[in-house]
Amino acid sequence: MRVKYFVATLISCVFIGVFSASAKDLTTSDVWLDSEITTIYTLNEHLNPFDISVDVKDGVVSLGGEVDSSIEKALAVEIARGVEGVKEVKDNIKIDPASESHASSGFISTLKDASLVAKVKSNLLWNKETSGMDINVDADGRIVTLKGEVASDAEKELAVRIAENTSGVRKVKDELSVPNKPGLSKKVDHTVKETERAVSDTWITTKIKSRFLFDKHTDGFDIVVTTKNGIVTLEGEVPGKIEKDYAVQIAQDTVHVKKVVDKLKVQK
């Protein structure tokens with residue numbers, strides 16, 4: 001099933017920090033956040049912005065109103081959480097009981113595929129060793145297909161592994177190709193440099209937290225992430241040393257991270 005058009009709106013919240021963050025005070029202002037969230041709702045074909053109220057105070061977003069299904073409610077909350085500068089989302093959205101019973105199973109299936117594509121695509125984009133812009137991601141059920149050109153066999157293998165480790169993915173179909181073209185290996189560095197000016201410590205923290213939540217081998221809720229001048233500090237408790245080392249590696253592999261300070265503790 002092709003869900004690229006649907007993903008264009010769903011994943012817009014994921015990339016908003018890269019392409020629109022020009023100054024920290026602008027992106028974290030309550031007025032900017034209110035406007036940004038409302039705009040994304042308006043552009044999303046599956047949400048009616050007139051059904052959802054948005055109120056922002058000190059970076060805390062309160063959502064209200066009434067929607068037709070739990071799927072719309074969840075989508076609205078996730079979009080708000082994905083906007084850079086949002087500290088917390090308070091979900092006060094209600095569901096119309098009469099409309100909920102008519103929710104289409106086809107729509108739910110499409111939303112799940114779109115969410116899976118968004119998670120895989122995001123993980124590929126945020127990894128400093130993969131040229132995520134050049135990799136097309138499709139999903140049908142829990143089966144993900146990767147297509148496009150990558151710089152090397154090593155990047156191809158890494159892209160497949162990242163997709164396989166993404167939460168919700170059951171199987172990955174590898175249709176990536178490695179053309180023999182000079183200069184192709186420089187694509188990743190070029191993409192990184194293009195977005196470097198838009199990156200903030202908040203952006204890095206958000207992306208690492210998202211990678212932890214998207215990965216089937218880490219529990220992002222148990223790991224506290226802070227970033228200062230590109231240096232990331234990880235704190236909290238994890239089940240074992242393997243999970244500890246894995247979490248550090250994910251943070252270290254994230255775009256624009258200069259150094260990772262490991263303060264994670266292994267549960268006794």
# chains A, B, ... in the order shown; residues from 1 in each chain; ligands from 1
$ residues_around --residues "Val56 in chain A" --least-positions-apart "3" --cutoff "8 Å" --atoms "only C-alpha atoms" --output "list in words"
Asp30, Val31, Leu33, Asp34, Gly59, Val60, Val61 and Ser62 of chain A
$ residues_around --residues "Thr42 in chain A" --least-positions-apart "5" --cutoff "12 Å" --atoms "only C-alpha atoms" --output "PDB file with C-alpha atoms, in the first residue's frame"
ATOM      1  CA  THR A   9       1.185  15.612   6.408  1.00  0.00           C
ATOM      2  CA  LEU A  10       1.775  13.175   9.250  1.00  0.00           C
ATOM      3  CA  SER A  35       0.261  29.089  15.126  1.00  0.00           C
ATOM      4  CA  GLU A  36       2.479  26.164  14.047  1.00  0.00           C
ATOM      5  CA  ILE A  37       0.240  23.468  15.536  1.00  0.00           C
ATOM      6  CA  LEU A  47      -8.157  16.591  10.913  1.00  0.00           C
ATOM      7  CA  ASN A  48     -10.666  19.428  11.095  1.00  0.00           C
ATOM      8  CA  PRO A  49      -8.915  22.387  12.790  1.00  0.00           C
ATOM      9  CA  PHE A  50     -12.296  23.857  13.742  1.00  0.00           C
ATOM     10  CA  ASP A  51     -12.982  20.804  15.909  1.00  0.00           C
ATOM     11  CA  ILE A  52      -9.800  21.174  17.954  1.00  0.00           C
ATOM     12  CA  ALA A  76      -3.734  15.473  16.983  1.00  0.00           C
ATOM     13  CA  ILE A  79       1.433  16.138  15.974  1.00  0.00           C
TER      14      ILE A  79
END
$ atom_distance --atom1 "CA of Asn123 in chain A" --atom2 "CA of Val150 in chain A"
15.4 Å
$ atom_distance --atom1 "CA of Asp201 in chain A" --atom2 "CA of Glu88 in chain A"
17.2 Å
$ closest_residue --among "A:Lys57, A:Arg81, A:Lys259, A:Lys94" --to "Thr206 in chain A" --atoms "only C-alpha atoms"
A:Arg81
$ residues_around --residues "Lys265 in chain A" --least-positions-apart "6" --cutoff "10 Å" --atoms "only C-alpha atoms" --output "list in words"
Ile223, Leu234, Glu235, Gly236, Glu237, Val238, Pro239, Gly240, Lys241 and Lys244 of chain A
$ atom_distance --atom1 "CA of Arg211 in chain A" --atom2 "CA of Ile250 in chain A"
7.5 Å
$ select_by_dssp --residues "range 70-268 of chain A" --states "helix (DSSP H, G or I)" --output "number ranges by chain"
A: 70-82, 97-100, 105-126, 132-134, 153-165, 184-198, 201-214, 220-222, 241-252
$ closest_residue --among "A:Asp245, A:Glu164, A:Asp262, A:Asp138" --to "Lys216 in chain A" --atoms "only C-alpha atoms"
A:Glu164
$ closest_residue --among "A:Asn136, A:Ile71, A:Trp32, A:Lys128" --to "Val257 in chain A" --atoms "only C-alpha atoms"
A:Lys128
$ select_by_dssp --residues "range 73-249 of chain A" --states "strand (DSSP E or B)" --output "JSON, numbers by chain"
{"A": [88, 89, 90, 91, 94, 95, 127, 135, 136, 137, 138, 139, 140, 143, 144, 145, 146, 147, 148, 149, 166, 171, 172, 173, 174, 175, 176, 177, 215, 223, 224, 225, 226, 227, 228, 231, 232, 233, 234, 235, 236, 237, 238]}
$ write_last_selection --atoms "C-alpha atoms" --output "compact mmCIF listing (two decimals), in the first residue's frame"
# COMPACT_ATOMS: atom_id res chain seq x y z
CA GLU A 88 4.13 18.99 27.38
CA VAL A 89 0.77 18.21 25.77
CA LYS A 90 -2.40 18.09 27.87
CA ASP A 91 -5.03 16.06 26.05
CA LYS A 94 -13.31 14.42 23.61
CA ILE A 95 -14.62 11.82 21.18
CA ASN A 127 21.22 8.84 11.74
CA ILE A 135 15.64 6.37 0.68
CA ASN A 136 11.95 5.82 -0.09
CA VAL A 137 9.95 3.99 2.58
CA ASP A 138 6.65 2.20 2.02
CA ALA A 139 4.61 0.07 4.43
CA ASP A 140 1.91 -2.55 3.99
CA ILE A 143 6.12 -5.03 6.24
CA VAL A 144 8.40 -2.14 5.22
CA THR A 145 9.98 -1.75 1.78
CA LEU A 146 13.10 0.36 1.26
CA LYS A 147 13.90 1.72 -2.21
CA GLY A 148 16.36 4.23 -3.64
CA GLU A 149 20.10 4.71 -3.99
CA THR A 166 12.06 0.28 14.42
CA LYS A 171 9.81 -7.55 8.11
CA VAL A 172 11.95 -5.38 5.80
CA LYS A 173 12.13 -5.78 2.02
CA ASP A 174 15.46 -4.46 0.80
CA GLU A 175 15.23 -2.96 -2.71
CA LEU A 176 18.04 -0.44 -2.20
CA SER A 177 20.72 -0.11 -4.86
CA ASP A 215 13.26 1.71 18.64
CA ILE A 223 15.92 7.66 29.82
CA VAL A 224 16.35 11.38 30.48
CA VAL A 225 18.07 13.25 27.66
CA THR A 226 19.61 16.72 27.98
CA THR A 227 21.75 18.59 25.45
CA LYS A 228 24.07 21.57 25.83
CA ILE A 231 26.92 17.49 24.08
CA VAL A 232 24.25 14.97 25.13
CA THR A 233 23.85 13.62 28.66
CA LEU A 234 21.88 10.41 29.26
CA GLU A 235 20.47 9.67 32.72
CA GLY A 236 18.08 7.14 34.20
CA GLU A 237 17.90 3.38 34.64
CA VAL A 238 17.97 0.63 32.01
$ closest_residue --among "A:Asp222, A:Ser53, A:Ile93, A:Glu84" --to "Asp68 in chain A" --atoms "only C-alpha atoms"
A:Ile93
